[in-house]
>>> print(open('my_file28.cif').read())   # mmCIF, C-alpha atoms and all ligand atoms
data_coords
#
loop_
_atom_site.label_atom_id
_atom_site.label_comp_id
_atom_site.auth_asym_id
_atom_site.auth_seq_id
_atom_site.Cartn_x
_atom_site.Cartn_y
_atom_site.Cartn_z
CA MET A 814 27.60 8.91 -4.16
CA ARG A 815 24.66 11.02 -2.99
CA PRO A 816 23.32 10.14 0.47
CA PRO A 817 19.99 8.28 0.43
CA SER A 818 17.01 10.63 0.24
CA PRO A 819 14.07 10.69 2.68
CA MET A 820 12.11 8.65 0.12
CA GLN A 821 14.80 6.01 0.22
CA GLN A 822 15.78 6.07 3.84
CA THR A 823 13.80 6.46 7.02
CA PRO A 824 15.16 6.66 10.55
CA GLY A 825 15.89 3.32 12.19
CA SER A 826 16.20 0.16 10.19
CA ASP A 827 14.19 -0.17 6.98
CA LEU A 828 12.66 -3.61 6.61
CA LEU A 829 11.71 -2.90 3.01
CA GLN A 830 13.51 -0.50 0.72
CA ILE A 831 12.29 0.14 -2.79
CA ARG A 832 14.82 2.00 -4.88
CA GLY A 833 14.37 3.48 -8.35
CA LEU A 834 11.77 0.88 -9.36
CA ASP A 835 10.59 0.97 -13.00
CA LEU A 836 7.89 -1.36 -14.29
CA ASP A 837 6.17 -1.62 -17.68
CA PHE A 838 3.20 -3.62 -18.94
CA GLY A 839 3.39 -4.77 -22.55
CA THR A 840 0.02 -4.13 -24.27
CA PRO A 841 -1.15 -4.19 -27.92
CA ARG A 842 -1.26 -0.36 -27.78
CA GLY A 843 2.32 -0.03 -26.54
CA ARG A 844 4.29 -0.22 -23.33
CA VAL A 845 2.48 1.16 -20.29
CA HIS A 846 4.98 2.68 -17.87
CA ALA A 847 3.06 1.77 -14.74
CA LEU A 848 5.81 2.55 -12.22
CA ARG A 849 8.58 5.06 -12.77
CA ASN A 850 11.57 5.57 -10.50
CA VAL A 851 9.61 4.61 -7.37
CA SER A 852 11.59 4.85 -4.13
CA LEU A 853 10.33 4.47 -0.59
CA GLY A 854 11.22 2.80 2.69
CA VAL A 855 9.16 0.81 5.19
CA PRO A 856 10.83 0.87 8.63
CA ALA A 857 10.57 -2.20 10.87
CA GLY A 858 7.45 -2.13 13.03
CA GLU A 859 5.83 0.79 11.18
CA VAL A 860 2.82 1.21 8.93
CA VAL A 861 3.42 2.97 5.61
CA GLY A 862 0.39 4.05 3.59
CA ILE A 863 0.30 4.47 -0.17
CA VAL A 864 -2.35 6.89 -1.37
CA GLY A 865 -3.40 8.28 -4.73
CA GLU A 866 -6.24 8.20 -7.24
CA SER A 867 -7.21 5.09 -9.21
CA GLY A 868 -4.54 4.36 -11.81
CA SER A 869 -1.71 5.86 -9.75
CA GLY A 870 0.10 2.52 -9.44
CA LYS A 871 -0.59 1.81 -5.75
CA SER A 872 -1.80 -1.76 -6.21
CA THR A 873 0.79 -2.46 -8.93
CA LEU A 874 3.48 -1.52 -6.42
CA ALA A 875 1.97 -3.82 -3.77
CA TYR A 876 1.77 -6.73 -6.22
CA THR A 877 5.35 -6.08 -7.38
CA VAL A 878 6.61 -6.40 -3.80
CA MET A 879 4.71 -9.69 -3.48
CA GLY A 880 5.90 -10.95 -6.90
CA LEU A 881 2.29 -11.48 -8.01
CA LEU A 882 2.36 -9.63 -11.32
CA ALA A 883 0.68 -10.56 -14.59
CA GLU A 884 2.79 -12.17 -17.31
CA ASN A 885 2.94 -9.01 -19.40
CA ALA A 886 4.65 -7.07 -16.57
CA GLU A 887 8.36 -6.38 -16.79
CA VAL A 888 10.53 -4.73 -14.15
CA THR A 889 12.98 -2.64 -16.16
CA GLY A 890 15.01 -1.12 -13.34
CA GLY A 891 15.55 -0.68 -9.63
CA GLU A 892 15.60 -2.96 -6.64
CA ILE A 893 13.32 -4.11 -3.82
CA LEU A 894 15.39 -4.85 -0.74
CA PHE A 895 13.59 -6.91 1.89
CA GLU A 896 15.61 -7.70 5.02
CA GLY A 897 18.64 -6.66 2.98
CA ARG A 898 18.04 -9.04 0.05
CA ASP A 899 16.90 -7.91 -3.39
CA LEU A 900 13.60 -9.69 -4.10
CA LEU A 901 13.95 -9.02 -7.83
CA ARG A 902 17.24 -10.90 -8.11
CA MET A 903 16.43 -13.74 -5.75
CA PRO A 904 15.96 -17.28 -7.16
CA ALA A 905 12.23 -17.97 -7.72
CA ALA A 906 12.12 -20.77 -5.13
CA ALA A 907 13.70 -18.58 -2.45
CA ARG A 908 11.24 -15.80 -3.19
CA ARG A 909 8.27 -18.19 -3.04
CA GLY A 910 9.58 -19.38 0.31
CA LEU A 911 9.06 -15.89 1.73
CA LEU A 912 5.36 -15.76 0.81
CA GLY A 913 3.04 -16.85 3.60
CA ASN A 914 6.09 -16.80 5.82
CA ARG A 915 8.03 -13.52 6.16
CA LEU A 916 5.71 -11.76 3.70
CA SER A 917 1.94 -12.01 3.58
CA MET A 918 -0.90 -10.15 1.94
CA ILE A 919 -4.52 -9.09 2.44
CA PHE A 920 -6.43 -8.55 -0.79
CA GLN A 921 -9.20 -6.10 -1.56
CA ASP A 922 -12.01 -8.60 -2.09
CA PRO A 923 -12.19 -11.25 0.65
CA MET A 924 -14.61 -13.40 -1.38
CA THR A 925 -12.18 -13.93 -4.24
CA ALA A 926 -9.18 -14.15 -1.90
CA LEU A 927 -10.61 -17.24 -0.18
CA ASN A 928 -11.11 -20.56 -1.94
CA PRO A 929 -14.94 -20.99 -2.13
CA VAL A 930 -14.86 -24.81 -2.21
CA ARG A 931 -12.62 -25.38 0.80
CA THR A 932 -13.36 -24.93 4.49
CA ILE A 933 -11.76 -22.12 6.46
CA GLU A 934 -10.04 -24.81 8.52
CA GLY A 935 -8.30 -26.35 5.52
CA GLN A 936 -7.21 -22.97 4.21
CA MET A 937 -5.90 -21.79 7.57
CA ILE A 938 -3.92 -24.98 8.08
CA ASP A 939 -2.44 -24.65 4.58
CA ALA A 940 -1.51 -21.04 5.37
CA GLN A 941 0.82 -22.40 8.07
CA HIS A 942 2.76 -24.48 5.58
CA TYR A 943 6.14 -23.25 6.89
CA ALA A 944 5.17 -23.23 10.56
CA PRO A 945 6.26 -26.07 12.86
CA GLY A 946 3.74 -28.33 14.59
CA SER A 947 1.18 -31.04 13.90
CA ARG A 948 -2.11 -30.52 12.03
CA ARG A 949 -3.90 -30.42 15.36
CA GLU A 950 -1.60 -27.72 16.72
CA LYS A 951 -2.07 -25.71 13.53
CA ARG A 952 -5.84 -26.03 13.88
CA GLU A 953 -5.64 -24.79 17.46
CA ARG A 954 -3.57 -21.81 16.39
CA ALA A 955 -6.11 -21.07 13.64
CA VAL A 956 -9.04 -21.23 16.10
CA GLU A 957 -7.21 -18.91 18.47
CA MET A 958 -6.49 -16.45 15.66
CA LEU A 959 -10.14 -16.50 14.55
CA ARG A 960 -11.13 -15.74 18.13
CA ARG A 961 -8.57 -12.92 18.16
CA VAL A 962 -10.10 -11.26 15.07
CA GLY A 963 -13.62 -11.50 16.52
CA ILE A 964 -15.19 -14.53 14.81
CA PRO A 965 -17.85 -15.82 17.26
CA ASP A 966 -17.71 -19.49 18.22
CA PRO A 967 -14.52 -20.13 16.18
CA GLN A 968 -14.27 -23.76 17.34
CA SER A 969 -17.27 -24.74 15.21
CA ARG A 970 -17.23 -21.94 12.60
CA ILE A 971 -13.76 -22.91 11.45
CA GLY A 972 -15.41 -25.85 9.67
CA GLY A 973 -17.55 -23.49 7.53
CA TYR A 974 -17.10 -22.35 3.94
CA PRO A 975 -16.44 -18.73 2.88
CA HIS A 976 -20.01 -18.21 1.59
CA GLU A 977 -21.34 -18.88 5.09
CA PHE A 978 -19.73 -15.67 6.38
CA SER A 979 -20.60 -11.99 5.78
CA GLY A 980 -18.20 -9.69 3.89
CA GLY A 981 -16.82 -8.19 7.11
CA MET A 982 -16.32 -11.63 8.66
CA ARG A 983 -14.57 -12.89 5.52
CA GLN A 984 -12.14 -9.97 5.67
CA ARG A 985 -11.49 -10.74 9.34
CA ILE A 986 -10.71 -14.33 8.32
CA CYS A 987 -8.30 -13.05 5.63
CA ILE A 988 -6.57 -10.88 8.25
CA ALA A 989 -6.38 -13.87 10.59
CA MET A 990 -4.83 -16.00 7.82
CA ALA A 991 -2.32 -13.30 6.84
CA LEU A 992 -1.18 -12.69 10.43
CA LEU A 993 -1.30 -16.29 11.59
CA VAL A 994 2.25 -16.81 10.34
CA LYS A 995 3.48 -13.65 12.12
CA PRO A 996 5.00 -12.11 8.99
CA ALA A 997 7.68 -9.43 9.10
CA LEU A 998 5.78 -7.47 6.43
CA LEU A 999 2.07 -7.46 5.69
CA VAL A 1000 1.00 -5.98 2.35
CA ALA A 1001 -2.63 -4.83 2.51
CA ASP A 1002 -4.19 -3.83 -0.81
CA GLU A 1003 -7.26 -1.69 -0.07
CA PRO A 1004 -8.51 -4.18 2.55
CA THR A 1005 -11.45 -2.00 3.58
CA THR A 1006 -12.69 -0.80 0.17
CA ALA A 1007 -15.32 -3.54 -0.18
CA LEU A 1008 -16.71 -2.89 3.31
CA ASP A 1009 -19.16 -0.32 4.66
CA ALA A 1010 -17.95 2.57 6.84
CA THR A 1011 -18.69 0.92 10.21
CA LEU A 1012 -16.88 -2.27 9.27
CA GLU A 1013 -13.99 -0.22 7.88
CA VAL A 1014 -13.42 1.38 11.29
CA GLN A 1015 -13.55 -2.04 12.98
CA ILE A 1016 -11.09 -3.58 10.52
CA VAL A 1017 -8.65 -0.65 10.80
CA ASN A 1018 -8.75 -0.84 14.61
CA LEU A 1019 -8.19 -4.59 14.44
CA LEU A 1020 -5.21 -4.20 12.10
CA LYS A 1021 -3.72 -1.55 14.36
CA GLU A 1022 -4.08 -3.75 17.42
CA LEU A 1023 -2.64 -6.87 15.76
CA GLN A 1024 0.23 -4.94 14.15
CA LYS A 1025 1.30 -3.67 17.58
CA GLU A 1026 0.94 -7.13 19.10
CA ILE A 1027 2.90 -8.95 16.38
CA GLY A 1028 5.33 -6.08 15.75
CA CYS A 1029 5.20 -6.45 11.97
CA SER A 1030 5.39 -3.70 9.37
CA ILE A 1031 2.47 -2.96 7.06
CA LEU A 1032 2.44 -1.53 3.55
CA PHE A 1033 -1.13 -0.25 3.43
CA VAL A 1034 -2.62 0.70 0.06
CA SER A 1035 -5.71 2.90 0.22
CA HIS A 1036 -7.45 5.76 -1.50
CA HIS A 1037 -9.14 6.70 1.77
CA LEU A 1038 -7.10 9.46 3.40
CA GLY A 1039 -8.95 9.27 6.73
CA THR A 1040 -8.08 5.59 7.10
CA VAL A 1041 -4.44 6.26 6.27
CA ALA A 1042 -4.26 9.10 8.81
CA GLU A 1043 -5.76 6.77 11.41
CA LEU A 1044 -3.53 3.75 10.82
CA CYS A 1045 -0.23 4.81 9.28
CA ASP A 1046 3.03 6.25 10.55
CA ARG A 1047 4.25 7.38 7.11
CA VAL A 1048 2.68 8.04 3.74
CA ALA A 1049 3.80 7.83 0.12
CA VAL A 1050 1.64 9.83 -2.29
CA MET A 1051 1.56 8.31 -5.78
CA TYR A 1052 0.46 9.92 -9.02
CA ALA A 1053 0.54 8.25 -12.45
CA GLY A 1054 3.12 5.67 -11.42
CA GLU A 1055 5.43 7.99 -9.49
CA VAL A 1056 5.89 8.72 -5.80
CA VAL A 1057 5.49 12.50 -5.75
CA GLU A 1058 5.75 12.93 -1.99
CA TYR A 1059 6.79 10.87 1.03
CA GLY A 1060 6.75 11.78 4.71
CA THR A 1061 5.35 11.17 8.15
CA VAL A 1062 1.55 11.23 8.45
CA ARG A 1063 1.79 14.44 10.45
CA ASN A 1064 3.93 16.19 7.79
CA ILE A 1065 1.87 15.02 4.83
CA PHE A 1066 -1.46 15.95 6.39
CA GLN A 1067 -0.38 19.19 8.05
CA ASN A 1068 2.37 20.46 5.79
CA PRO A 1069 2.01 18.91 2.33
CA GLY A 1070 4.83 19.93 0.01
CA HIS A 1071 3.48 18.81 -3.37
CA PRO A 1072 0.55 20.48 -5.20
CA TYR A 1073 -0.98 17.03 -5.87
CA THR A 1074 -0.95 16.14 -2.16
CA ARG A 1075 -2.61 19.46 -1.41
CA ALA A 1076 -5.24 18.88 -4.08
CA LEU A 1077 -5.95 15.37 -2.74
CA LEU A 1078 -6.40 16.72 0.77
CA GLU A 1079 -8.70 19.50 -0.46
CA CYS A 1080 -10.94 16.83 -2.05
CA ASP A 1081 -11.11 14.65 1.06
CA PRO A 1082 -14.76 14.71 2.25
CA GLY A 1083 -13.57 14.22 5.82
CA ARG A 1084 -11.77 17.58 5.75
CA ILE A 1085 -14.49 19.69 4.13
CA ARG A 1086 -16.01 21.93 6.79
CA GLN A 1087 -18.46 23.99 4.70
CA LYS A 1088 -21.88 22.79 3.63
CA THR A 1089 -21.78 21.86 -0.05
CA LYS A 1090 -23.89 19.98 -2.57
CA LEU A 1091 -20.93 19.19 -4.81
CA LEU A 1092 -17.78 17.57 -3.53
CA PRO A 1093 -14.61 19.10 -5.00
CA THR A 1094 -12.53 17.12 -7.51
CA ILE A 1095 -9.12 17.62 -9.08
CA PRO A 1096 -9.85 18.91 -12.61
CA GLY A 1097 -8.55 16.82 -15.53
CA GLU A 1098 -7.57 13.16 -15.73
CA VAL A 1099 -4.58 10.98 -14.95
CA PRO A 1100 -2.40 11.11 -18.12
CA SER A 1101 -1.82 8.12 -20.38
CA LEU A 1102 1.11 6.05 -19.19
CA ILE A 1103 2.00 4.90 -22.72
CA GLY A 1104 5.07 6.40 -24.39
CA ALA A 1105 7.86 8.68 -23.19
CA ARG A 1106 7.17 11.28 -20.54
CA HIS A 1107 8.69 14.73 -20.30
CA GLY A 1108 8.60 17.25 -17.50
CA CYS A 1109 6.40 16.95 -14.45
CA ILE A 1110 3.79 14.19 -14.65
CA PHE A 1111 1.23 16.35 -12.82
CA ARG A 1112 1.61 19.50 -14.97
CA GLN A 1113 -1.66 19.18 -16.98
CA ARG A 1114 -3.65 19.36 -13.75
CA CYS A 1115 -1.41 21.58 -11.65
CA ARG A 1116 -2.64 25.12 -11.03
CA HIS A 1117 0.93 26.24 -10.26
CA ALA A 1118 2.57 24.87 -13.43
CA PHE A 1119 5.07 27.11 -15.19
CA ALA A 1120 7.37 26.79 -18.23
CA ARG A 1121 10.02 24.61 -16.61
CA CYS A 1122 7.40 22.04 -15.58
CA ALA A 1123 6.84 21.06 -19.23
CA SER A 1124 10.48 20.40 -20.07
CA GLU A 1125 12.24 19.22 -16.93
CA ARG A 1126 11.34 16.36 -14.64
CA PRO A 1127 11.37 17.62 -11.05
CA ALA A 1128 14.05 16.19 -8.78
CA GLU A 1129 13.35 15.06 -5.26
CA HIS A 1130 13.63 17.84 -2.67
CA ALA A 1131 13.88 17.20 1.03
CA ILE A 1132 11.46 19.14 3.24
CA GLY A 1133 13.00 18.57 6.64
CA ALA A 1134 14.54 15.28 7.71
CA ALA A 1135 11.71 12.84 6.97
CA GLN A 1136 9.74 14.38 4.10
CA ALA A 1137 10.50 14.81 0.41
CA ALA A 1138 8.55 15.85 -2.68
CA ARG A 1139 9.15 16.17 -6.43
CA CYS A 1140 8.20 19.70 -7.47
CA HIS A 1141 10.18 22.56 -9.06
CA LEU A 1142 8.59 25.02 -6.67
CA LEU A 1143 10.60 23.49 -3.85
CA ASP A 1144 13.79 23.79 -5.87
CA GLN A 1145 13.21 27.49 -6.32
CA ALA A 1146 12.66 27.87 -2.59
CA ARG A 1147 9.44 29.69 -3.43
CA VAL A 1148 6.59 29.79 -0.97
CA MET A 1149 3.94 27.49 -2.36
CA PRO A 1150 1.03 29.66 -3.55
CA ALA A 1151 -2.30 28.99 -1.86
FE1 LIG B 1201 3.09 21.70 -10.50
FE2 LIG B 1201 5.37 22.26 -11.75
FE3 LIG B 1201 5.41 21.39 -9.23
FE4 LIG B 1201 4.76 19.76 -11.21
S1 LIG B 1201 6.76 20.72 -10.88
S2 LIG B 1201 3.73 19.93 -9.28
S3 LIG B 1201 3.63 21.13 -12.57
S4 LIG B 1201 4.56 23.32 -9.98
#
>>> encode(input="my_file28.cif", output="structure tokens", more="lines below")
Ligand code: SF4
Amino acid sequence: MRPPSPMQQTPGSDLLQIRGLDLDFGTPRGRVHALRNVSLGVPAGEVVGIVGESGSGKSTLAYTVMGLLAENAEVTGGEILFEGRDLLRMPAAARRGLLGNRLSMIFQDPMTALNPVRTIEGQMIDAQHYAPGSRREKRERAVEMLRRVGIPDPQSRIGGYPHEFSGGMRQRICIAMALLVKPALLVADEPTTALDATLEVQIVNLLKELQKEIGCSILFVSHHLGTVAELCDRVAVMYAGEVVEYGTVRNIFQNPGHPYTRALLECDPGRIRQKTKLLPTIPGEVPSLIGARHGCIFRQRCRHAFARCASERPAEHAIGAAQAARCHLLDQARVMPA
């Protein structure tokens, strides 16, 4: 048996290990292969970011870990090991028992994540379903958590409804609810996308602080590279349903091994130093995920593509101990062209 690759194993103990995950959506136009052979690890106490363009499968992966997929989704292969147990083969009741307990989630849109016709108090008490203590104790814990995330006058505001709070405040409430149960793993699906830049910085700092305090791991989905660099310890780069590169933040941002990672970084407005009227983009579009795939998934948009890329799917190549990428250029030990 081959030893686990850097995409599958990270130093220390992995709280979450996703191995060879395949997932399809059945649609009237055919089967959409939304995730293909996805492998990555989330070590205990670390933050792992998932980046990529829209349609790369980032959110699908997050929802698969949480077991919150649409009815037309079908996992066709692989495993998701959480604390050593495969979530995909666990009885439904046991898996449900992990949600809002060992596993919790922050969604992209705080308005739709909260129930608009119930008070924050009721929702935060319900969120502690598995926690010990009376209703009064749970309310006190909720007030304390609201204070912790910066809600002013939480003692009285806890009785309010979601529409009485601003977007930033609602996302703070969602973070408070998700972390109230002190989960082992928090899955955050683009939690700052609906917020303006100032609020985004505040929310990222808050998440960082609370993650350290609680000691949980975070799987952080984002298309914002600056936020990922700020918050995460490791990064998985996804393209068209595949993880094309995985490594520490430092390696991915300073020594990217995959042409797609390099192209993403070149398009990041935060890294562009020259004055320009037009922001760069990666030419072309994400390919259709319907039907069989051959060769490298990125070849239509890759400026380094060569004959082999059309016929053979690149294997995973380690770049040092904690970084790996899927590209034939690494196999050939060629220096990546600029
Ligand atoms: Fe580009 Fe070929 Fe590498 Fe794919 S395998 S990223 S097409 S060079």
>>> residues_around(input="my_file28.cif", residues="Ile988 (chain A)", least_positions_apart="5", cutoff="10 Å", atoms="all atoms listed in the file", output="VMD selection string")
chain A and resid 917 to 920 923 958 to 959 962 982 to 983 993 999 1001 1004 1016 1019 to 1020 1023
>>> residues_near_ligand(input="my_file28.cif", ligand="ligand LIG 1201 (chain B)", cutoff="10 Å", atoms="only C-alpha atoms and all ligand atoms", output="MDAnalysis selection string")
chainID A and resid 1057 1070:1074 1108:1128 1138:1144 1149:1150
>>> atom_distance(input="my_file28.cif", atom1="CA of Met924 (chain A)", atom2="CA of Arg970 (chain A)")
16.6 Å
>>> atom_distance(input="my_file28.cif", atom1="CA of Leu1077 (chain A)", atom2="CA of Met1051 (chain A)")
10.7 Å
>>> residues_around(input="my_file28.cif", residues="His976 (chain A)", least_positions_apart="6", cutoff="10 Å", atoms="all atoms listed in the file", output="list in words")
Met924, Leu927, Asn928, Pro929, Val930, Thr932 and Arg983 of chain A
>>> closest_residue(input="my_file28.cif", among="A:Glu859, A:Glu884, A:Glu866, A:Glu1013", to="Thr840 (chain A)", atoms="all atoms listed in the file")
A:Glu884
>>> closest_residue(input="my_file28.cif", among="A:Val994, A:Ile938, A:Val1000, A:Ile933", to="Glu977 (chain A)", atoms="only C-alpha atoms")
A:Ile933
>>> closest_residue(input="my_file28.cif", among="A:Val1062, A:Leu894, A:Leu998, A:Ala906", to="Ile1031 (chain A)", atoms="all atoms listed in the file")
A:Leu998
>>> residues_around(input="my_file28.cif", residues="Ala997 (chain A)", least_positions_apart="3", cutoff="12 Å", atoms="only C-alpha atoms", output="PyMOL selection string")
chain A and resi 827-829+855-860+895-896+911-918+991-994+1000+1024+1027-1032
>>> atom_distance(input="my_file28.cif", atom1="CA of Ile986 (chain A)", atom2="CA of Met879 (chain A)")
20.0 Å
>>> build_atoms(input="my_file28.cif", residues="region 880-903 of chain A", atoms="N, CA and C atoms", output="short mmCIF file (atom, residue, chain, number, x, y, z; two decimals), in the frame of the given file")
data_model
loop_
_atom_site.label_atom_id
_atom_site.label_comp_id
_atom_site.auth_asym_id
_atom_site.auth_seq_id
_atom_site.Cartn_x
_atom_site.Cartn_y
_atom_site.Cartn_z
N GLY A 880 5.53 -10.09 -5.75
CA GLY A 880 5.90 -10.95 -6.90
C GLY A 880 4.67 -11.60 -7.52
N LEU A 881 3.53 -10.90 -7.49
CA LEU A 881 2.29 -11.48 -8.01
C LEU A 881 1.81 -10.72 -9.25
N LEU A 882 2.72 -10.44 -10.15
CA LEU A 882 2.36 -9.63 -11.32
C LEU A 882 1.89 -10.50 -12.48
N ALA A 883 1.14 -9.87 -13.39
CA ALA A 883 0.68 -10.56 -14.59
C ALA A 883 1.89 -10.85 -15.50
N GLU A 884 1.68 -11.76 -16.45
CA GLU A 884 2.79 -12.17 -17.31
C GLU A 884 3.33 -11.06 -18.20
N ASN A 885 2.48 -10.08 -18.51
CA ASN A 885 2.94 -9.01 -19.40
C ASN A 885 3.67 -7.89 -18.64
N ALA A 886 3.93 -8.09 -17.34
CA ALA A 886 4.65 -7.07 -16.57
C ALA A 886 6.15 -7.32 -16.67
N GLU A 887 6.90 -6.23 -16.74
CA GLU A 887 8.36 -6.38 -16.79
C GLU A 887 9.00 -5.27 -15.94
N VAL A 888 9.78 -5.70 -14.95
CA VAL A 888 10.53 -4.73 -14.15
C VAL A 888 11.75 -4.34 -14.98
N THR A 889 11.88 -3.07 -15.29
CA THR A 889 12.98 -2.64 -16.16
C THR A 889 14.10 -1.95 -15.39
N GLY A 890 13.93 -1.74 -14.11
CA GLY A 890 15.01 -1.12 -13.34
C GLY A 890 14.69 -1.06 -11.87
N GLY A 891 15.73 -0.87 -11.06
CA GLY A 891 15.55 -0.68 -9.63
C GLY A 891 15.70 -1.94 -8.81
N GLU A 892 15.48 -1.81 -7.54
CA GLU A 892 15.60 -2.96 -6.64
C GLU A 892 14.57 -2.86 -5.51
N ILE A 893 14.22 -4.05 -4.98
CA ILE A 893 13.32 -4.11 -3.82
C ILE A 893 14.06 -4.90 -2.74
N LEU A 894 14.61 -4.19 -1.79
CA LEU A 894 15.39 -4.85 -0.74
C LEU A 894 14.47 -5.18 0.44
N PHE A 895 14.38 -6.47 0.74
CA PHE A 895 13.59 -6.91 1.89
C PHE A 895 14.53 -7.65 2.83
N GLU A 896 14.64 -7.17 4.04
CA GLU A 896 15.61 -7.70 5.02
C GLU A 896 16.99 -7.78 4.38
N GLY A 897 17.31 -6.77 3.58
CA GLY A 897 18.64 -6.66 2.98
C GLY A 897 18.85 -7.43 1.69
N ARG A 898 17.87 -8.26 1.28
CA ARG A 898 18.04 -9.04 0.05
C ARG A 898 17.15 -8.50 -1.05
N ASP A 899 17.67 -8.45 -2.27
CA ASP A 899 16.90 -7.91 -3.39
C ASP A 899 15.91 -8.97 -3.90
N LEU A 900 14.63 -8.72 -3.69
CA LEU A 900 13.60 -9.69 -4.10
C LEU A 900 13.61 -9.92 -5.60
N LEU A 901 14.02 -8.90 -6.36
CA LEU A 901 13.95 -9.02 -7.83
C LEU A 901 15.05 -9.92 -8.38
N ARG A 902 16.12 -10.08 -7.62
CA ARG A 902 17.24 -10.90 -8.11
C ARG A 902 17.39 -12.22 -7.35
N MET A 903 16.40 -12.52 -6.57
CA MET A 903 16.43 -13.74 -5.75
C MET A 903 15.94 -14.92 -6.59
#
